[in-house]
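**Student:** Just one file: my_file_6.cif, with mmCIF, C-alpha atoms.
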data_my_file
#
loop_
_atom_site.label_atom_id
_atom_site.label_comp_id
_atom_site.auth_asym_id
_atom_site.auth_seq_id
_atom_site.Cartn_x
_atom_site.Cartn_y
_atom_site.Cartn_z
CA MET J 1090 -67.21 -12.42 -93.10
CA LEU J 1091 -64.14 -10.32 -93.93
CA LYS J 1092 -64.04 -12.00 -97.31
CA ALA J 1093 -67.69 -11.09 -97.90
CA LEU J 1094 -66.91 -7.46 -97.12
CA GLY J 1095 -64.04 -7.47 -99.60
CA ARG J 1096 -61.29 -7.12 -96.99
CA PRO J 1097 -58.17 -9.30 -97.10
CA THR J 1098 -57.93 -12.09 -94.61
CA PRO J 1099 -54.94 -11.47 -92.24
CA ALA J 1100 -52.19 -14.12 -92.41
CA LEU J 1101 -52.00 -16.30 -89.35
CA GLY J 1102 -48.53 -16.02 -87.73
CA PRO J 1103 -47.11 -17.84 -84.78
CA ALA J 1104 -48.65 -17.15 -81.47
CA PRO J 1105 -46.85 -14.33 -79.65
CA PHE J 1106 -45.79 -16.58 -76.79
CA LEU J 1107 -44.06 -19.22 -78.98
CA PRO J 1108 -40.73 -17.33 -79.49
CA GLY J 1109 -40.52 -16.81 -75.75
CA VAL J 1110 -41.10 -20.49 -75.11
CA ALA J 1111 -38.46 -21.45 -77.67
CA GLY J 1112 -35.94 -19.07 -76.11
CA TYR J 1113 -36.66 -20.40 -72.65
CA ALA J 1114 -36.22 -23.97 -73.83
CA SER J 1115 -32.92 -23.06 -75.48
CA ARG J 1116 -31.65 -21.45 -72.29
CA ALA J 1117 -32.87 -24.39 -70.24
CA PHE J 1118 -30.73 -26.79 -72.28
CA GLN J 1119 -27.57 -24.64 -72.12
CA PRO J 1120 -26.33 -26.10 -68.80
CA LEU J 1121 -26.88 -29.60 -70.13
CA THR J 1122 -25.02 -28.75 -73.34
CA SER J 1123 -22.14 -27.26 -71.34
CA LEU J 1124 -22.06 -30.35 -69.15
CA VAL J 1125 -21.89 -32.66 -72.17
CA GLU J 1126 -19.14 -30.55 -73.74
CA GLY J 1127 -17.22 -30.54 -70.46
CA VAL J 1128 -17.44 -34.32 -70.12
CA ALA J 1129 -16.33 -34.74 -73.72
CA GLY J 1130 -13.44 -32.34 -73.11
CA ALA J 1131 -12.28 -34.38 -70.14
CA PHE J 1132 -11.60 -37.27 -72.52
CA ARG J 1133 -10.08 -35.13 -75.28
CA THR J 1134 -6.28 -35.22 -75.39
CA PRO J 1135 -4.63 -32.04 -76.74
CA GLU J 1136 -1.91 -32.04 -79.37
CA ALA J 1137 1.74 -31.90 -78.30
CA ARG J 1138 2.89 -28.28 -78.38
CA TYR J 1139 6.63 -28.52 -77.67
CA ALA J 1140 9.38 -31.14 -77.79
CA THR J 1141 9.07 -32.48 -74.25
CA HIS J 1142 5.29 -32.12 -73.97
CA ILE J 1143 3.32 -35.19 -72.82
CA PRO J 1144 -0.29 -34.19 -73.64
CA LEU J 1145 -2.90 -35.47 -71.19
CA ASN J 1146 -6.64 -35.09 -71.04
CA THR J 1147 -8.29 -33.79 -67.88
CA LEU J 1148 -8.83 -37.22 -66.33
CA GLN J 1149 -5.28 -38.35 -67.07
CA LYS J 1150 -3.85 -35.13 -65.68
CA GLY J 1151 -5.92 -35.51 -62.51
CA ALA J 1152 -4.71 -39.08 -62.05
CA VAL J 1153 -1.07 -38.12 -62.60
CA GLY J 1154 -1.44 -35.21 -60.16
CA LEU J 1155 -3.07 -37.31 -57.45
CA PHE J 1156 -0.67 -40.24 -57.56
CA SER J 1157 2.34 -37.94 -57.94
CA LEU J 1158 1.28 -35.99 -54.87
CA LEU J 1159 0.93 -39.18 -52.84
CA GLY J 1160 4.25 -40.54 -54.06
CA ALA J 1161 6.09 -37.26 -53.54
CA PHE J 1162 4.75 -36.93 -50.00
CA ASN J 1163 5.90 -40.47 -49.27
CA ASP J 1164 9.39 -39.81 -50.70
CA PRO J 1165 10.26 -36.13 -51.33
CA ARG J 1166 13.56 -37.22 -52.92
CA ARG J 1167 11.64 -38.54 -55.95
CA GLY J 1168 12.22 -35.53 -58.14
CA ASP J 1169 10.21 -37.03 -61.00
CA LEU J 1170 7.09 -37.27 -58.83
CA VAL J 1171 7.62 -33.82 -57.33
CA ALA J 1172 7.99 -32.35 -60.82
CA ALA J 1173 4.88 -34.11 -62.16
CA ALA J 1174 2.80 -33.02 -59.16
CA GLY J 1175 3.99 -29.44 -59.50
CA GLU J 1176 3.09 -29.27 -63.18
CA THR J 1177 -0.37 -30.84 -62.83
CA THR J 1178 -1.47 -28.78 -59.81
CA GLY J 1179 0.18 -25.40 -60.42
CA LEU J 1180 -1.72 -23.88 -63.34
CA LEU J 1181 -3.12 -20.85 -61.49
CA PRO J 1182 0.17 -19.94 -59.72
CA LEU J 1183 2.01 -20.30 -63.04
CA GLN J 1184 -0.43 -17.94 -64.73
CA ALA J 1185 0.03 -15.46 -61.87
CA MET J 1186 3.82 -15.70 -62.22
CA ARG J 1187 3.56 -14.95 -65.93
CA GLU J 1188 1.40 -11.89 -65.23
CA ARG J 1189 3.98 -10.59 -62.74
CA MET J 1190 6.82 -11.21 -65.18
CA LEU J 1191 4.97 -9.34 -67.92
CA ARG J 1192 4.64 -6.31 -65.62
CA THR J 1193 8.44 -5.89 -65.26
CA GLU J 1194 11.04 -5.09 -67.89
CA SER J 1195 13.40 -7.89 -66.83
CA GLY J 1196 10.54 -10.39 -66.64
CA ARG J 1197 9.40 -9.52 -70.15
CA GLN J 1198 12.98 -9.84 -71.39
CA ILE J 1199 13.27 -13.31 -69.83
CA LEU J 1200 10.04 -14.47 -71.48
CA GLN J 1201 11.25 -13.07 -74.80
CA ASP J 1202 14.79 -14.49 -74.67
CA LYS J 1203 13.89 -17.74 -72.88
CA PRO J 1204 17.47 -18.26 -71.65
CA LYS J 1205 18.60 -21.71 -70.50
CA ILE J 1206 20.97 -22.32 -67.60
CA THR J 1207 23.53 -24.72 -69.05
CA ASN J 1208 27.15 -25.61 -68.39
CA ALA J 1209 28.17 -23.47 -71.35
CA SER J 1210 26.10 -20.44 -70.32
CA VAL J 1211 27.60 -20.29 -66.80
CA ALA J 1212 31.16 -21.50 -67.56
CA HIS J 1213 32.55 -17.96 -67.22
CA ALA J 1214 31.48 -17.90 -63.56
CA TRP J 1215 34.54 -20.04 -62.72
CA ASP J 1216 36.82 -17.21 -63.89
CA MET J 1217 35.25 -14.46 -61.78
CA PRO J 1218 36.75 -12.84 -58.68
CA PRO J 1219 35.94 -14.47 -55.31
CA HIS J 1220 33.58 -11.76 -54.08
CA THR J 1221 31.22 -12.00 -57.07
CA PHE J 1222 27.86 -13.71 -57.36
CA GLY J 1223 29.27 -15.86 -60.17
CA ALA J 1224 32.22 -17.07 -58.09
CA ALA J 1225 29.89 -17.98 -55.21
CA TYR J 1226 27.71 -19.92 -57.64
CA ALA J 1227 30.77 -21.71 -59.08
CA GLN J 1228 31.92 -22.58 -55.57
CA PHE J 1229 28.49 -23.93 -54.71
CA MET J 1230 28.28 -26.08 -57.84
CA GLY J 1231 31.89 -27.26 -57.67
CA ASP J 1232 31.73 -28.24 -54.00
CA ARG J 1233 28.84 -30.58 -54.76
CA ASN J 1234 29.89 -31.74 -58.22
CA PHE J 1235 26.63 -30.34 -59.59
CA GLN J 1236 26.24 -29.53 -63.28
CA ALA J 1237 23.85 -26.99 -64.70
CA ASP J 1238 22.65 -29.28 -67.49
CA GLU J 1239 22.58 -32.63 -65.72
CA ARG J 1240 18.81 -32.78 -66.36
CA PRO J 1241 18.41 -33.17 -70.13
CA PRO J 1242 15.05 -32.74 -71.88
CA VAL J 1243 13.05 -35.82 -72.89
CA ARG J 1244 10.46 -36.46 -75.58
CA TRP J 1245 7.41 -38.75 -75.33
CA VAL J 1246 7.41 -41.23 -78.20
CA GLY J 1247 4.71 -43.62 -79.35
CA GLY J 1248 1.02 -43.18 -78.64
CA GLY J 1249 -0.77 -41.93 -75.57
CA LEU J 1250 0.31 -42.13 -71.98
CA GLY J 1251 0.93 -45.77 -71.16
CA GLY J 1252 0.24 -46.90 -74.72
CA ALA J 1253 1.99 -49.81 -76.35
CA GLY J 1254 5.49 -48.93 -77.42
CA ALA J 1255 5.40 -45.57 -75.63
CA ARG J 1256 8.69 -44.45 -74.16
CA LEU J 1257 10.70 -41.40 -73.14
CA ASP J 1258 13.60 -40.52 -75.44
CA CYS J 1259 16.27 -38.02 -74.44
CA VAL J 1260 16.42 -35.01 -76.72
CA GLU J 1261 19.99 -34.05 -75.88
CA GLY J 1262 21.36 -37.17 -74.21
CA GLY J 1263 21.41 -38.13 -70.55
CA LEU J 1264 19.06 -40.15 -68.37
CA ARG J 1265 16.40 -37.89 -66.89
CA GLY J 1266 14.31 -34.93 -67.90
CA LEU J 1267 13.38 -33.52 -64.51
CA GLY J 1268 14.44 -29.99 -65.41
CA TRP J 1269 12.08 -29.82 -68.38
CA ALA J 1270 8.32 -29.40 -68.32
CA ARG J 1271 6.19 -32.28 -69.60
CA PHE J 1272 2.59 -31.90 -68.42
CA VAL J 1273 2.01 -28.13 -68.85
CA ASP J 1274 0.02 -27.48 -72.03
CA ASP J 1275 0.92 -23.82 -72.52
CA PRO J 1276 4.50 -23.56 -73.93
CA GLU J 1277 5.17 -20.25 -72.19
CA LEU J 1278 4.01 -21.58 -68.82
CA ALA J 1279 6.12 -24.67 -69.47
CA TYR J 1280 9.15 -22.43 -69.88
CA ILE J 1281 8.37 -20.71 -66.57
CA VAL J 1282 8.37 -24.14 -64.89
CA GLU J 1283 11.75 -24.89 -66.44
CA ARG J 1284 13.12 -21.49 -65.49
CA ALA J 1285 12.12 -21.95 -61.84
CA ARG J 1286 13.96 -25.26 -61.71
CA GLN J 1287 17.06 -23.98 -63.49
CA VAL J 1288 17.53 -20.94 -61.23
CA HIS J 1289 16.97 -23.01 -58.08
CA ASP J 1290 20.73 -23.26 -57.46
CA PHE J 1291 21.05 -19.47 -57.71
CA TRP J 1292 18.53 -19.26 -54.88
CA HIS J 1293 20.63 -21.62 -52.78
CA VAL J 1294 23.58 -19.26 -53.17
CA LEU J 1295 21.63 -16.05 -52.55
CA PHE J 1296 19.74 -17.35 -49.50
CA ASN J 1297 22.73 -19.32 -48.16
CA CYS J 1298 20.80 -22.59 -47.84
CA HIS J 1299 22.40 -26.04 -47.63
CA THR J 1300 21.37 -28.76 -50.08
CA ASN J 1301 20.64 -31.27 -47.32
CA ALA J 1302 17.05 -32.03 -46.33
CA PHE J 1303 16.98 -29.23 -43.75
CA GLY J 1304 18.25 -26.56 -46.13
CA GLU J 1305 16.02 -27.70 -48.97
CA VAL J 1306 12.91 -27.55 -46.80
CA ALA J 1307 13.82 -24.04 -45.64
CA LEU J 1308 14.35 -22.88 -49.22
CA LYS J 1309 11.13 -24.57 -50.37
CA ALA J 1310 9.29 -22.50 -47.77
CA VAL J 1311 10.73 -19.34 -49.36
CA GLU J 1312 9.64 -20.61 -52.78
CA PHE J 1313 6.11 -21.25 -51.51
CA VAL J 1314 5.84 -17.68 -50.25
CA GLN J 1315 7.21 -16.35 -53.53
CA THR J 1316 5.43 -18.55 -56.08
CA GLY J 1317 2.40 -20.04 -54.36
CA MET J 1318 3.02 -23.38 -56.09
CA PRO J 1319 1.12 -26.07 -54.12
CA MET J 1320 3.93 -28.60 -54.55
CA THR J 1321 6.43 -26.37 -52.74
CA GLY J 1322 4.12 -26.25 -49.73
CA LEU J 1323 3.70 -30.01 -49.80
CA ALA J 1324 7.48 -30.41 -50.06
CA VAL J 1325 7.84 -28.41 -46.84
CA LEU J 1326 5.31 -30.62 -45.04
CA ALA J 1327 6.78 -33.86 -46.37
CA GLY J 1328 10.36 -32.83 -45.69
CA GLU J 1329 9.58 -31.60 -42.19
CA TRP J 1330 7.87 -34.86 -41.35
CA ARG J 1331 11.12 -36.71 -42.02
CA LEU J 1332 13.40 -34.49 -39.97
CA LYS J 1333 14.69 -35.47 -36.57
CA PRO J 1334 12.65 -34.00 -33.68
CA GLU J 1335 15.39 -31.53 -32.73
CA ASP J 1336 15.78 -30.46 -36.37
CA ARG J 1337 12.02 -30.07 -36.70
CA ARG J 1338 11.94 -27.81 -33.66
CA GLN J 1339 14.78 -25.74 -35.11
CA LEU J 1340 12.98 -25.48 -38.44
CA ASN J 1341 9.64 -24.42 -36.92
CA SER J 1342 11.06 -21.98 -34.41
CA ILE J 1343 13.72 -20.28 -36.56
CA TYR J 1344 13.76 -21.21 -40.23
CA LEU J 1345 10.10 -21.19 -41.19
CA PRO J 1346 9.58 -17.73 -39.65
CA TRP J 1347 12.75 -16.64 -41.50
CA ALA J 1348 11.37 -18.08 -44.76
CA LEU J 1349 8.13 -16.15 -44.35
CA ARG J 1350 10.01 -12.88 -43.78
CA ALA J 1351 12.61 -13.53 -46.49
CA GLY J 1352 10.10 -14.62 -49.12
CA THR J 1353 7.83 -11.65 -48.45
CA ARG J 1354 10.64 -9.09 -48.39
CA ALA J 1355 12.65 -10.26 -51.42
CA ALA J 1356 12.15 -9.02 -54.95
CA ASP J 1357 10.15 -11.28 -57.23
CA LEU J 1358 12.66 -14.08 -57.80
CA MET J 1359 11.15 -15.10 -61.13
CA CYS J 1360 11.66 -11.61 -62.57
CA ILE J 1361 15.45 -11.53 -62.09
CA TYR J 1362 17.74 -12.14 -65.07
CA TYR J 1363 20.43 -13.83 -62.96
CA GLU J 1364 22.80 -14.55 -65.83
CA LYS J 1365 23.36 -10.81 -66.36
CA HIS J 1366 24.49 -10.26 -62.76
CA LEU J 1367 27.05 -13.02 -62.21
CA HIS J 1368 29.93 -10.51 -62.47
CA GLU J 1369 28.52 -8.29 -59.69
CA ASP J 1370 29.38 -8.34 -56.00
CA LEU J 1371 27.38 -10.96 -54.11
CA GLU J 1372 26.49 -8.72 -51.18
CA GLU J 1373 25.46 -5.90 -53.49
CA VAL J 1374 22.98 -8.04 -55.42
CA ARG J 1375 21.63 -9.39 -52.15
CA GLN J 1376 20.96 -5.86 -50.98
CA ARG J 1377 19.47 -4.80 -54.31
CA TRP J 1378 17.12 -7.78 -54.41
CA ARG J 1379 16.36 -7.51 -50.68
CA ILE J 1380 17.70 -11.01 -49.99
CA ASN J 1381 17.88 -11.99 -46.34
CA PRO J 1382 20.25 -15.00 -46.09
CA ALA J 1383 19.25 -17.90 -43.88
CA PRO J 1384 20.72 -18.10 -40.37
CA GLU J 1385 23.66 -20.46 -40.06
CA SER J 1386 23.39 -23.45 -37.76
CA PRO J 1387 24.73 -27.01 -37.60
CA GLN J 1388 21.71 -28.08 -39.64
CA ASN J 1389 22.23 -25.36 -42.26
CA ASP J 1390 25.95 -24.89 -42.84
CA PRO J 1391 26.48 -24.46 -46.59
CA SER J 1392 30.26 -24.79 -46.18
CA ARG J 1393 29.78 -28.46 -45.31
CA SER J 1394 28.71 -31.18 -47.70
CA ARG J 1395 26.87 -33.72 -45.52
CA GLY J 1396 29.62 -33.30 -42.98
CA ASN J 1397 32.40 -33.99 -45.50
CA PRO J 1398 35.26 -31.58 -46.18
CA VAL J 1399 34.54 -29.06 -48.92
CA ALA J 1400 35.73 -30.32 -52.27
CA PRO J 1401 37.99 -28.16 -54.46
CA ARG J 1402 36.23 -25.98 -56.98
CA ALA J 1403 35.49 -27.94 -60.14
CA PRO J 1404 34.21 -26.23 -63.29
CA PRO J 1405 31.41 -27.79 -65.35
CA PRO J 1406 32.68 -30.20 -67.99
CA PRO J 1407 31.68 -28.78 -71.40
CA PRO J 1408 34.02 -25.75 -71.84
CA ALA J 1409 37.22 -27.07 -73.42
CA HIS J 1410 39.64 -24.65 -71.74
CA HIS J 1411 38.35 -25.72 -68.33
CA HIS J 1412 38.94 -29.37 -69.24
CA GLN J 1413 42.51 -28.52 -70.10
CA GLN J 1414 43.02 -26.70 -66.78
CA GLN J 1415 41.60 -29.65 -64.88
CA GLN J 1416 43.88 -32.11 -66.70
CA LYS J 1417 46.93 -29.98 -65.93
CA ALA J 1418 45.95 -29.81 -62.26
CA GLN J 1419 45.58 -33.58 -62.10
CA GLU J 1420 48.96 -34.08 -63.78
CA GLY J 1421 50.45 -31.87 -61.10
CA GLY J 1422 49.12 -34.16 -58.38
CA GLY J 1423 46.04 -32.16 -57.38
CA ALA J 1424 43.47 -34.91 -56.79
CA GLN J 1425 39.84 -33.90 -56.39
CA GLN J 1426 37.58 -35.06 -53.63
CA PRO J 1427 34.16 -36.18 -54.82
CA GLY J 1428 31.26 -34.03 -53.71
CA GLY J 1429 29.18 -35.88 -51.15
CA THR J 1430 25.81 -34.25 -51.44
CA ASP J 1431 22.78 -33.96 -53.60
CA HIS J 1432 19.43 -32.21 -53.44
CA GLN J 1433 17.31 -33.98 -50.86
CA VAL J 1434 13.95 -32.53 -51.83
CA GLY J 1435 12.92 -32.57 -55.47
CA PHE J 1436 12.05 -29.57 -57.60
CA ALA J 1437 8.47 -28.45 -57.91
#
Show me the file's structure as structure tokens.
**Tutor:**
Amino acid sequence: MLKALGRPTPALGPAPFLPGVAGYASRAFQPLTSLVEGVAGAFRTPEARYATHIPLNTLQKGAVGLFSLLGAFNDPRRGDLVAAAGETTGLLPLQAMRERMLRTESGRQILQDKPKITNASVAHAWDMPPHTFGAAYAQFMGDRNFQADERPPVRWVGGGLGGAGARLDCVEGGLRGLGWARFVDDPELAYIVERARQVHDFWHVLFNCHTNAFGEVALKAVEFVQTGMPMTGLAVLAGEWRLKPEDRRQLNSIYLPWALRAGTRAADLMCIYYEKHLHEDLEEVRQRWRINPAPESPQNDPSRSRGNPVAPRAPPPPPAHHHQQQQKAQEGGGAQQPGGTDHQVGFA
């Protein structure tokens, strides 16, 4: 009829409701698409992003975290399991630690410099006056025959986790890589993990905690308050479970309340550039950083090494002039007593 009247016939377009239906259908499939992508991502293994990185997909990381947690709870002395559990379960606390470090000048400087605590970097502590933080650290390390770099980094070689021919190779020699991150994908967060482990001995000195099981559990409680890392809390529970009943009562009645107060009151321990303060007076840095040392007791007496006499101070091996001093002392008849202690609860 329109054609008969000489008017153009209007073009037939899509019905007005069709775009709405198409948009609804697209939105309806979005959850399914996200689910498929998430499942695919769980099987996708990321690329290695630093020398010691062992890349895992989501399922692998969950399995490592679960079995590491069970193994670490069964034996808190297994530092490898404690470290693996800490790295696979601590993503959110690590991100929070980074945010806090970025808000302070010293924290930003640490993340920029990425200093490493090694024998060479702390060798000058053995030459410092007795009242200094550095001298107290040297005394602590020497009494126990600890070395700052006794945990060398390792590199994963050959295929995926558990693949044929896969192995761990040391990057800088040694046997273990417990001080170096392996399962954290973000390189900066991996450094924060390493930093927390490397400054652990500084915390022993500042908080006056023994390295026996009792002292380690008390210090781990401080770390849990400070960092929120799940593995530190589990280390407290696992370590407490293995204490003698009288030691457990002492821990619960005195040391855990102390840890809550000390961890809450102290400055952010991850934001302190400890290496720049080794020459300062120990009590002054404790006051400045609001450090409340642990109460002394037979269970927590840092002057004793598992009940053995305190060994003479022994510098870390690498610096050559210290080697020469040690050789001269031995030639003069000054025999050293071996340190009789080690960390009883692994690092998170």
**Student:** Separation of atom CA of J:Lys1205 and atom CA of J:Val1171, in Å?
**Tutor:** 21.0 Å
**Student:** Using the chain letters and numbers from this file, what does the PyMOL selection byres ((chain J and resi 1176) around 9) select? Give the answer as a PyMOL selection string.
**Tutor:** chain J and resi 1154+1171-1175+1177-1180+1270-1273+1279+1282+1320+1437
**Student:** Can you pull out the residues contacting stretch 1372-1386 of chain J? Cut-off 8 Å, using only C-alpha atoms, and skip same-chain residues under 4 positions away; I want them as a list in words.
**Tutor:**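 Close residues of stretch 1372-1386 of chain J: Phe1222, Leu1295, Phe1296, Asn1297, Cys1298, Tyr1344, Trp1347, Ala1348, Ala1351, Arg1354, Ala1355, Ala1356, His1366 and Asp1390 of chain J.
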**Student:** Since I can't run it myself right now, could you work out what the PyMOL selection byres ((chain J and resi 1162) around 10) selects here and report it as an MDAnalysis selection string?
**Tutor:** chainID J and resid 1156:1161 1163:1167 1170:1171 1320 1323:1328 1330
**Student:** Could you tell me how far atom CA of J:Pro1218 sits from atom CA of J:Val1294, in Å to one decimal place?
**Tutor:**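 Answer for the atom CA of J:Val1294 to atom CA of J:Pro1218 separation: 15.7 Å.
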**Student:** Ranking J:Glu1188, J:Asp1357, J:Asp1274, J:Asp1238 by minimum distance to J:Ser1210 and counting all atoms listed in the file, which one comes first?
**Tutor:** J:Asp1238
**Student:** In Å to one decimal, how far is atom CA of J:Phe1235 from atom CA of J:Ala1214?
**Tutor:**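 Computing it gives 13.9 Å between the two atoms.
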**Student:** Give the answer as one residue: which of J:Arg1189, J:Asp1275, J:Gln1184, J:Glu1194 has the shortest atom-to-atom distance to J:Pro1135, using only C-alpha atoms?
**Tutor:**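 Selected residue with least distance to J:Pro1135: J:Asp1275.
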**Student:** Return as lines of an AutoDock Vina configuration file the centre and edge lengths, in Å with one decimal, of the box along x, y and z that encloses every atom of stretch 1211-1223 of chain J in the file, padded by 3 Å per side.
**Tutor:**
center_x = 32.2
center_y = -16.6
center_z = -60.8
size_x = 15.2
size_y = 15.7
size_z = 19.5
**Student:** Nearest to J:Leu1148 among J:Gln1388, J:Thr1134, J:Thr1300, J:Gln1315, with distances taken over all atoms listed in the file: which residue is it?
**Tutor:** J:Thr1134
**Student:** Using only C-alpha atoms, find the one residue out of J:Gln1201, J:Ser1195, J:Thr1321, J:Thr1141 that sits nearest to J:Lys1309.
**Tutor:** J:Thr1321
**Student:** From the list J:Ala1152, J:Met1186, J:Leu1349, J:Ile1343, which residue is nearest J:Phe1313 when using only C-alpha atoms?
**Tutor:** J:Leu1349
**Student:** Expanded to explicit residues, what is the PyMOL selection byres ((chain J and resi 1221) around 7) for this file, as a PyMOL selection string?
**Tutor:** chain J and resi 1217-1220+1222-1225+1367-1371
**Student:** Pick from J:Pro1276, J:Arg1233, J:Arg1331, J:Glu1283: nearest to J:Ala1302, with all atoms listed in the file counted?
**Tutor:**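 So, comparing all the options, the nearest one is J:Arg1331.
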**Student:** Env of J:Glu1329: 8 Å cut, atoms = all atoms listed in the file, seq-sep filter 4 positions within chain, self excluded. Answer as a list in words.
**Tutor:**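 So the residues in contact are Phe1303, Val1306, Val1325, Arg1337 and Leu1340 of chain J.
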**Student:** Would you save stretch 1163-1170 of chain J to a file, keeping all heavy atoms, as a PDB file, in the first residue's frame?
**Tutor:**
ATOM      1  N   ASN J1163      54.108 -31.203  62.805  1.00  0.00           N
ATOM      2  CA  ASN J1163      54.612 -32.446  63.388  1.00  0.00           C
ATOM      3  C   ASN J1163      56.044 -32.300  63.878  1.00  0.00           C
ATOM      4  O   ASN J1163      56.425 -32.894  64.894  1.00  0.00           O
ATOM      5  CB  ASN J1163      54.531 -33.567  62.344  1.00  0.00           C
ATOM      6  CG  ASN J1163      54.964 -34.900  62.907  1.00  0.00           C
ATOM      7  OD1 ASN J1163      54.381 -35.413  63.856  1.00  0.00           O
ATOM      8  ND2 ASN J1163      56.003 -35.489  62.314  1.00  0.00           N
ATOM      9  N   ASP J1164      56.858 -31.501  63.171  1.00  0.00           N
ATOM     10  CA  ASP J1164      58.257 -31.301  63.575  1.00  0.00           C
ATOM     11  C   ASP J1164      58.654 -29.866  63.268  1.00  0.00           C
ATOM     12  O   ASP J1164      59.102 -29.565  62.160  1.00  0.00           O
ATOM     13  CB  ASP J1164      59.169 -32.280  62.837  1.00  0.00           C
ATOM     14  CG  ASP J1164      60.614 -32.212  63.341  1.00  0.00           C
ATOM     15  OD1 ASP J1164      60.895 -31.395  64.250  1.00  0.00           O
ATOM     16  OD2 ASP J1164      61.456 -32.975  62.837  1.00  0.00           O
ATOM     17  N   PRO J1165      58.491 -28.937  64.228  1.00  0.00           N
ATOM     18  CA  PRO J1165      58.800 -27.524  63.978  1.00  0.00           C
ATOM     19  C   PRO J1165      60.267 -27.271  63.680  1.00  0.00           C
ATOM     20  O   PRO J1165      60.620 -26.176  63.235  1.00  0.00           O
ATOM     21  CB  PRO J1165      58.383 -26.837  65.292  1.00  0.00           C
ATOM     22  CG  PRO J1165      57.486 -27.795  65.981  1.00  0.00           C
ATOM     23  CD  PRO J1165      57.932 -29.164  65.571  1.00  0.00           C
ATOM     24  N   ARG J1166      61.148 -28.255  63.929  1.00  0.00           N
ATOM     25  CA  ARG J1166      62.564 -28.064  63.641  1.00  0.00           C
ATOM     26  C   ARG J1166      62.865 -28.195  62.158  1.00  0.00           C
ATOM     27  O   ARG J1166      63.965 -27.848  61.725  1.00  0.00           O
ATOM     28  CB  ARG J1166      63.393 -29.079  64.433  1.00  0.00           C
ATOM     29  CG  ARG J1166      63.311 -28.887  65.940  1.00  0.00           C
ATOM     30  CD  ARG J1166      63.924 -30.061  66.676  1.00  0.00           C
ATOM     31  NE  ARG J1166      63.198 -31.297  66.377  1.00  0.00           N
ATOM     32  CZ  ARG J1166      63.518 -32.483  66.905  1.00  0.00           C
ATOM     33  NH1 ARG J1166      64.537 -32.578  67.731  1.00  0.00           N
ATOM     34  NH2 ARG J1166      62.807 -33.567  66.595  1.00  0.00           N
ATOM     35  N   ARG J1167      61.907 -28.704  61.377  1.00  0.00           N
ATOM     36  CA  ARG J1167      62.105 -28.825  59.931  1.00  0.00           C
ATOM     37  C   ARG J1167      61.961 -27.449  59.286  1.00  0.00           C
ATOM     38  O   ARG J1167      60.882 -27.032  58.865  1.00  0.00           O
ATOM     39  CB  ARG J1167      61.088 -29.800  59.342  1.00  0.00           C
ATOM     40  CG  ARG J1167      61.370 -31.258  59.639  1.00  0.00           C
ATOM     41  CD  ARG J1167      62.550 -31.756  58.838  1.00  0.00           C
ATOM     42  NE  ARG J1167      62.371 -31.550  57.405  1.00  0.00           N
ATOM     43  CZ  ARG J1167      61.737 -32.405  56.607  1.00  0.00           C
ATOM     44  NH1 ARG J1167      61.228 -33.524  57.097  1.00  0.00           N
ATOM     45  NH2 ARG J1167      61.633 -32.141  55.309  1.00  0.00           N
ATOM     46  N   GLY J1168      63.083 -26.741  59.231  1.00  0.00           N
ATOM     47  CA  GLY J1168      63.054 -25.393  58.691  1.00  0.00           C
ATOM     48  C   GLY J1168      62.617 -25.331  57.245  1.00  0.00           C
ATOM     49  O   GLY J1168      62.020 -24.337  56.812  1.00  0.00           O
ATOM     50  N   ASP J1169      62.891 -26.382  56.456  1.00  0.00           N
ATOM     51  CA  ASP J1169      62.470 -26.370  55.064  1.00  0.00           C
ATOM     52  C   ASP J1169      60.950 -26.384  54.939  1.00  0.00           C
ATOM     53  O   ASP J1169      60.368 -25.677  54.113  1.00  0.00           O
ATOM     54  CB  ASP J1169      63.086 -27.561  54.322  1.00  0.00           C
ATOM     55  CG  ASP J1169      62.771 -28.895  54.997  1.00  0.00           C
ATOM     56  OD1 ASP J1169      62.411 -28.897  56.196  1.00  0.00           O
ATOM     57  OD2 ASP J1169      62.891 -29.942  54.329  1.00  0.00           O
ATOM     58  N   LEU J1170      60.287 -27.183  55.807  1.00  0.00           N
ATOM     59  CA  LEU J1170      58.829 -27.238  55.766  1.00  0.00           C
ATOM     60  C   LEU J1170      58.213 -25.950  56.301  1.00  0.00           C
ATOM     61  O   LEU J1170      57.209 -25.464  55.770  1.00  0.00           O
ATOM     62  CB  LEU J1170      58.330 -28.441  56.573  1.00  0.00           C
ATOM     63  CG  LEU J1170      58.772 -29.817  56.071  1.00  0.00           C
ATOM     64  CD1 LEU J1170      58.231 -30.918  56.979  1.00  0.00           C
ATOM     65  CD2 LEU J1170      58.311 -30.043  54.636  1.00  0.00           C
TER      66      LEU J1170
END
